[in-house]
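Notes to accompany the following structure.
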Amino acid sequence: DGHSGADAVGRIFWGPVTVLAAITFVRLPETLFLLYLQQRGLPLPAVPLVWAGLHVVRSASSYPGGRLSDRMGSSTGVAAGGMLFAGVAATMASAHSAAAAVAIFLLSGVATGLTESAERSLISALAPVRTGQRFGVYHGLTGFAALPAGLAFGMGYQSMGGRSALLVSAAGSALAVLVWLLVSPLASAGARA
(Lines give C-alpha, C1' and ligand atoms only; values in the text may rest on other atoms or scores of the structure.)
Protein backbone atom coordinates (compact mmCIF):
# COMPACT_ATOMS: atom_id res chain seq x y z
CA ASP A 1 0.00 0.00 0.00
CA GLY A 2 1.54 3.28 -1.13
CA HIS A 3 -0.10 5.06 1.82
CA SER A 4 1.72 3.13 4.54
CA GLY A 5 5.05 4.91 4.16
CA ALA A 6 7.03 7.06 6.57
CA ASP A 7 4.21 9.51 7.22
CA ALA A 8 1.94 6.90 8.70
CA VAL A 9 4.34 6.49 11.60
CA GLY A 10 5.13 10.20 11.83
CA ARG A 11 8.77 10.38 10.77
CA ILE A 12 8.05 13.02 8.14
CA PHE A 13 4.81 14.44 9.56
CA TRP A 14 6.24 16.07 12.70
CA GLY A 15 8.90 18.31 11.14
CA PRO A 16 6.59 20.14 8.73
CA VAL A 17 3.76 20.38 11.29
CA THR A 18 6.13 21.82 13.91
CA VAL A 19 7.24 24.51 11.45
CA LEU A 20 3.58 25.25 10.60
CA ALA A 21 2.99 25.80 14.33
CA ALA A 22 6.02 28.14 14.39
CA ILE A 23 4.54 30.11 11.48
CA THR A 24 1.36 30.48 13.54
CA PHE A 25 3.36 31.53 16.59
CA VAL A 26 5.01 34.49 14.84
CA ARG A 27 1.78 35.84 13.35
CA LEU A 28 0.48 38.97 15.02
CA PRO A 29 -3.11 38.26 16.15
CA GLU A 30 -5.83 39.93 14.11
CA THR A 31 -7.20 41.64 17.23
CA LEU A 32 -3.92 43.56 17.58
CA PHE A 33 -4.14 44.53 13.91
CA LEU A 34 -7.59 45.96 14.69
CA LEU A 35 -6.21 47.87 17.68
CA TYR A 36 -3.48 49.28 15.45
CA LEU A 37 -6.12 50.34 12.91
CA GLN A 38 -7.91 52.27 15.64
CA GLN A 39 -4.65 53.98 16.57
CA ARG A 40 -4.25 54.97 12.91
CA GLY A 41 -7.65 56.68 13.10
CA LEU A 42 -10.22 54.01 12.22
CA PRO A 43 -13.45 54.92 14.05
CA LEU A 44 -14.64 52.30 16.55
CA PRO A 45 -18.02 51.77 14.77
CA ALA A 46 -16.11 50.81 11.58
CA VAL A 47 -14.15 48.01 13.29
CA PRO A 48 -16.90 45.33 12.88
CA LEU A 49 -17.22 46.24 9.18
CA VAL A 50 -13.48 45.90 8.62
CA TRP A 51 -13.50 42.61 10.56
CA ALA A 52 -16.33 41.32 8.34
CA GLY A 53 -14.46 42.55 5.26
CA LEU A 54 -11.40 40.55 6.31
CA HIS A 55 -13.48 37.37 6.42
CA VAL A 56 -14.98 38.10 2.99
CA VAL A 57 -11.46 38.54 1.55
CA ARG A 58 -10.25 35.39 3.32
CA SER A 59 -13.16 33.33 2.00
CA ALA A 60 -12.83 34.73 -1.52
CA SER A 61 -9.10 33.99 -1.61
CA SER A 62 -9.47 30.40 -0.38
CA TYR A 63 -10.48 29.12 -3.83
CA PRO A 64 -7.53 30.72 -5.68
CA GLY A 65 -5.31 29.61 -2.79
CA GLY A 66 -6.51 26.05 -3.28
CA ARG A 67 -5.88 26.26 -7.03
CA LEU A 68 -2.36 27.57 -6.40
CA SER A 69 -1.77 24.72 -3.99
CA ASP A 70 -2.97 22.20 -6.59
CA ARG A 71 -0.85 23.70 -9.36
CA MET A 72 2.37 24.62 -7.59
CA GLY A 73 2.27 22.39 -4.53
CA SER A 74 1.16 22.89 -0.96
CA SER A 75 4.65 23.83 0.19
CA THR A 76 4.70 26.75 -2.26
CA GLY A 77 1.29 27.90 -1.05
CA VAL A 78 2.47 27.91 2.57
CA ALA A 79 5.61 29.89 1.64
CA ALA A 80 3.66 32.38 -0.50
CA GLY A 81 1.08 32.97 2.23
CA GLY A 82 3.77 33.35 4.89
CA MET A 83 5.79 35.84 2.86
CA LEU A 84 2.66 37.80 1.96
CA PHE A 85 1.81 38.01 5.67
CA ALA A 86 5.36 39.21 6.45
CA GLY A 87 4.96 41.90 3.77
CA VAL A 88 1.56 42.91 5.13
CA ALA A 89 2.87 43.26 8.69
CA ALA A 90 5.93 45.25 7.58
CA THR A 91 3.86 47.53 5.35
CA MET A 92 1.22 48.06 8.01
CA ALA A 93 3.94 49.28 10.38
CA SER A 94 4.53 52.27 8.11
CA ALA A 95 0.88 53.01 7.20
CA HIS A 96 0.12 56.64 8.03
CA SER A 97 -3.62 56.76 7.38
CA ALA A 98 -6.58 54.66 8.44
CA ALA A 99 -7.57 54.02 4.80
CA ALA A 100 -4.11 52.69 3.89
CA ALA A 101 -3.98 50.58 7.04
CA VAL A 102 -7.42 49.08 6.32
CA ALA A 103 -6.41 48.17 2.75
CA ILE A 104 -3.24 46.50 4.02
CA PHE A 105 -5.17 44.68 6.75
CA LEU A 106 -7.63 43.29 4.20
CA LEU A 107 -4.67 41.99 2.20
CA SER A 108 -3.79 39.83 5.21
CA GLY A 109 -6.98 37.90 4.39
CA VAL A 110 -5.37 36.88 1.08
CA ALA A 111 -2.34 35.59 2.99
CA THR A 112 -4.62 33.49 5.18
CA GLY A 113 -6.57 32.20 2.16
CA LEU A 114 -3.32 31.08 0.53
CA THR A 115 -1.95 29.48 3.66
CA GLU A 116 -5.01 27.69 5.02
CA SER A 117 -5.79 25.85 1.78
CA ALA A 118 -2.17 24.80 1.36
CA GLU A 119 -1.76 23.67 4.97
CA ARG A 120 -4.88 21.50 4.90
CA SER A 121 -3.88 19.95 1.60
CA LEU A 122 -0.42 19.24 2.99
CA ILE A 123 -1.71 17.63 6.19
CA SER A 124 -4.02 15.43 4.17
CA ALA A 125 -1.15 14.33 1.92
CA LEU A 126 1.25 13.77 4.82
CA ALA A 127 -1.26 11.71 6.77
CA PRO A 128 -2.88 9.20 4.41
CA VAL A 129 -3.27 6.94 7.44
CA ARG A 130 -4.96 8.21 10.63
CA THR A 131 -5.83 11.41 8.76
CA GLY A 132 -8.40 12.59 11.32
CA GLN A 133 -5.97 12.07 14.19
CA ARG A 134 -3.23 13.96 12.34
CA PHE A 135 -5.58 16.85 11.58
CA GLY A 136 -6.35 16.94 15.29
CA VAL A 137 -2.62 17.11 16.07
CA TYR A 138 -2.15 19.89 13.50
CA HIS A 139 -5.04 21.97 14.85
CA GLY A 140 -3.98 21.30 18.43
CA LEU A 141 -0.38 22.40 17.84
CA THR A 142 -1.31 25.53 15.89
CA GLY A 143 -3.99 26.38 18.46
CA PHE A 144 -1.55 25.98 21.34
CA ALA A 145 1.00 28.08 19.44
CA ALA A 146 -1.53 30.89 18.96
CA LEU A 147 -2.24 31.30 22.70
CA PRO A 148 1.30 32.11 23.94
CA ALA A 149 1.88 34.09 20.75
CA GLY A 150 -1.15 36.24 21.50
CA LEU A 151 0.05 36.81 25.07
CA ALA A 152 3.61 37.59 23.97
CA PHE A 153 2.53 39.93 21.18
CA GLY A 154 0.01 41.60 23.50
CA MET A 155 2.70 42.32 26.08
CA GLY A 156 5.10 43.43 23.35
CA TYR A 157 2.44 45.68 21.86
CA GLN A 158 1.92 47.37 25.23
CA SER A 159 5.59 47.76 26.07
CA MET A 160 7.14 48.46 22.62
CA GLY A 161 4.17 49.81 20.67
CA GLY A 162 2.20 48.55 17.70
CA ARG A 163 4.79 49.40 15.06
CA SER A 164 7.49 47.36 16.80
CA ALA A 165 5.11 44.42 17.31
CA LEU A 166 4.28 44.47 13.60
CA LEU A 167 7.94 44.56 12.61
CA VAL A 168 8.79 41.69 14.97
CA SER A 169 5.93 39.67 13.48
CA ALA A 170 7.08 40.49 9.93
CA ALA A 171 10.67 39.45 10.67
CA GLY A 172 9.53 36.31 12.51
CA SER A 173 7.23 35.34 9.64
CA ALA A 174 9.97 35.79 7.06
CA LEU A 175 12.36 33.72 9.19
CA ALA A 176 9.73 31.00 9.70
CA VAL A 177 9.20 30.84 5.92
CA LEU A 178 12.96 30.42 5.40
CA VAL A 179 12.89 27.50 7.85
CA TRP A 180 9.83 26.19 6.00
CA LEU A 181 11.76 26.26 2.72
CA LEU A 182 14.37 24.00 4.34
CA VAL A 183 11.74 21.60 5.71
CA SER A 184 9.31 21.65 2.79
CA PRO A 185 11.32 19.25 0.59
CA LEU A 186 10.75 16.71 3.37
CA ALA A 187 7.05 17.55 3.36
CA SER A 188 6.90 17.13 -0.41
CA ALA A 189 8.70 13.80 -0.20
CA GLY A 190 6.31 12.68 2.51
CA ALA A 191 3.30 13.71 0.49
CA ARG A 192 4.51 11.48 -2.35
CA ALA A 193 5.29 8.51 -0.06
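Chain labels A, B, ... are given in the sequence in which chains occur in the C-alpha coordinates; within each chain residues are numbered consecutively from 1, and ligands are likewise numbered from 1 in the order shown.
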
Problem - Who sits within 7 Å of region 75-85 of chain A, only C-alpha atoms, same chain under 6 positions skipped, as a ChimeraX atom specification - result: /A:68-69,108,111-112,114-115,118-119,173-174,177,184

Nearby residues (only C-alpha atoms) at most 10 Å from Val47 (chain A), same-chain spacing under 6 positions excluded, as a PDB file with N, CA and C atoms, in the first residue's frame:
ATOM      1  N   LEU A  34      -6.428  45.072  14.552  1.00  0.00           N
ATOM      2  CA  LEU A  34      -7.589  45.956  14.694  1.00  0.00           C
ATOM      3  C   LEU A  34      -7.294  47.095  15.663  1.00  0.00           C
ATOM      4  N   LEU A  35      -6.604  46.817  16.743  1.00  0.00           N
ATOM      5  CA  LEU A  35      -6.212  47.868  17.683  1.00  0.00           C
ATOM      6  C   LEU A  35      -5.302  48.885  16.990  1.00  0.00           C
ATOM      7  N   LEU A  37      -5.282  49.563  13.824  1.00  0.00           N
ATOM      8  CA  LEU A  37      -6.124  50.338  12.909  1.00  0.00           C
ATOM      9  C   LEU A  37      -6.803  51.487  13.645  1.00  0.00           C
ATOM     10  N   GLN A  38      -7.285  51.216  14.846  1.00  0.00           N
ATOM     11  CA  GLN A  38      -7.912  52.273  15.636  1.00  0.00           C
ATOM     12  C   GLN A  38      -6.898  53.375  15.966  1.00  0.00           C
ATOM     13  N   GLY A  53     -15.129  42.464   6.556  1.00  0.00           N
ATOM     14  CA  GLY A  53     -14.456  42.553   5.260  1.00  0.00           C
ATOM     15  C   GLY A  53     -13.279  41.610   5.170  1.00  0.00           C
ATOM     16  N   VAL A 102      -6.306  50.003   6.555  1.00  0.00           N
ATOM     17  CA  VAL A 102      -7.421  49.075   6.317  1.00  0.00           C
ATOM     18  C   VAL A 102      -7.152  48.250   5.060  1.00  0.00           C
TER      19      VAL A 102
END

Exercise for the section: Can you pull out every residue within 12 Å of Gly154 (chain A), counting only C-alpha atoms, but drop anything in the same chain fewer than 5 positions away, and send it as a list in words? Expected result: Arg27, Leu28, Pro29, Glu30, Thr31, Leu32, Phe33, Leu35, Tyr36, Ala146, Leu147, Pro148, Ala149, Ser159, Met160, Gly161, Gly162, Ser164, Ala165, Leu166 and Ser169 of chain A

Take the residues just selected and output them with N, CA, C and O atoms as a short mmCIF file (atom, residue, chain, number, x, y, z; two decimals), in the first residue's frame.
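Once everything was written out, this is selection_35.cif:
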data_model
loop_
_atom_site.label_atom_id
_atom_site.label_comp_id
_atom_site.auth_asym_id
_atom_site.auth_seq_id
_atom_site.Cartn_x
_atom_site.Cartn_y
_atom_site.Cartn_z
N ARG A 27 2.79 34.98 13.98
CA ARG A 27 1.78 35.84 13.35
C ARG A 27 1.13 36.73 14.39
O ARG A 27 0.59 36.25 15.38
N LEU A 28 1.16 38.02 14.14
CA LEU A 28 0.48 38.97 15.02
C LEU A 28 -1.02 38.68 14.98
O LEU A 28 -1.59 38.54 13.90
N PRO A 29 -1.66 38.55 16.14
CA PRO A 29 -3.11 38.26 16.15
C PRO A 29 -3.91 39.37 15.47
O PRO A 29 -3.56 40.55 15.55
N GLU A 30 -4.99 38.97 14.83
CA GLU A 30 -5.83 39.93 14.11
C GLU A 30 -6.41 40.99 15.04
O GLU A 30 -6.62 42.14 14.63
N THR A 31 -6.65 40.64 16.30
CA THR A 31 -7.20 41.64 17.23
C THR A 31 -6.21 42.79 17.44
O THR A 31 -6.62 43.95 17.60
N LEU A 32 -4.90 42.49 17.44
CA LEU A 32 -3.92 43.56 17.58
C LEU A 32 -3.82 44.39 16.30
O LEU A 32 -3.56 45.59 16.36
N PHE A 33 -4.03 43.76 15.15
CA PHE A 33 -4.14 44.53 13.91
C PHE A 33 -5.29 45.53 14.03
O PHE A 33 -5.16 46.70 13.65
N LEU A 35 -6.60 46.82 16.74
CA LEU A 35 -6.21 47.87 17.68
C LEU A 35 -5.30 48.88 16.99
O LEU A 35 -5.45 50.10 17.17
N TYR A 36 -4.39 48.39 16.19
CA TYR A 36 -3.48 49.28 15.45
C TYR A 36 -4.26 50.15 14.47
O TYR A 36 -3.95 51.33 14.29
N ALA A 146 -0.89 29.58 19.05
CA ALA A 146 -1.53 30.89 18.96
C ALA A 146 -1.73 31.53 20.33
O ALA A 146 -1.65 32.75 20.46
N LEU A 147 -1.97 30.73 21.37
CA LEU A 147 -2.24 31.30 22.70
C LEU A 147 -1.02 32.02 23.28
O LEU A 147 -1.10 33.23 23.59
N PRO A 148 0.15 31.36 23.43
CA PRO A 148 1.30 32.11 23.94
C PRO A 148 1.74 33.22 23.00
O PRO A 148 2.24 34.26 23.45
N ALA A 149 1.53 33.04 21.70
CA ALA A 149 1.88 34.09 20.75
C ALA A 149 1.03 35.33 21.01
O ALA A 149 1.54 36.45 21.02
N SER A 159 4.30 47.22 25.61
CA SER A 159 5.59 47.76 26.07
C SER A 159 6.38 48.46 24.95
O SER A 159 7.02 49.48 25.19
N MET A 160 6.32 47.92 23.71
CA MET A 160 7.14 48.46 22.62
C MET A 160 6.33 49.31 21.64
O MET A 160 6.89 50.07 20.88
N GLY A 161 5.01 49.10 21.63
CA GLY A 161 4.17 49.81 20.67
C GLY A 161 3.79 48.92 19.49
O GLY A 161 4.42 47.90 19.23
N GLY A 162 2.73 49.33 18.81
CA GLY A 162 2.20 48.55 17.70
C GLY A 162 3.16 48.39 16.54
O GLY A 162 3.28 47.32 15.95
N SER A 164 6.44 48.34 16.49
CA SER A 164 7.49 47.36 16.80
C SER A 164 6.94 45.94 16.78
O SER A 164 7.59 45.02 16.28
N ALA A 165 5.73 45.75 17.32
CA ALA A 165 5.11 44.42 17.31
C ALA A 165 4.90 43.94 15.88
O ALA A 165 5.15 42.76 15.57
N LEU A 166 4.47 44.83 15.01
CA LEU A 166 4.28 44.47 13.60
C LEU A 166 5.60 44.09 12.94
O LEU A 166 5.68 43.11 12.20
N SER A 169 6.72 40.71 14.13
CA SER A 169 5.93 39.67 13.48
C SER A 169 6.37 39.48 12.03
O SER A 169 6.47 38.34 11.55
#

Exercise for the section: Tell me which of A:Gln133, A:Gly113, A:Arg163, A:Ser94 sits closest to Arg67 (chain A), counting only C-alpha atoms. Expected result: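 Among A:Gln133, A:Gly113, A:Arg163, A:Ser94, it is A:Gly113 that comes nearest to Arg67 (chain A).
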
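Nearest residue to Arg71 (chain A), choosing from A:Gly150, A:Pro48, A:Ser121, A:Val183 and counting only C-alpha atoms: A:Ser121.
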
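Nearest to Arg58 (chain A) of all the residues A:Ile104, A:Val110, A:Leu20, A:Met72 is A:Val110, based on only C-alpha atoms.
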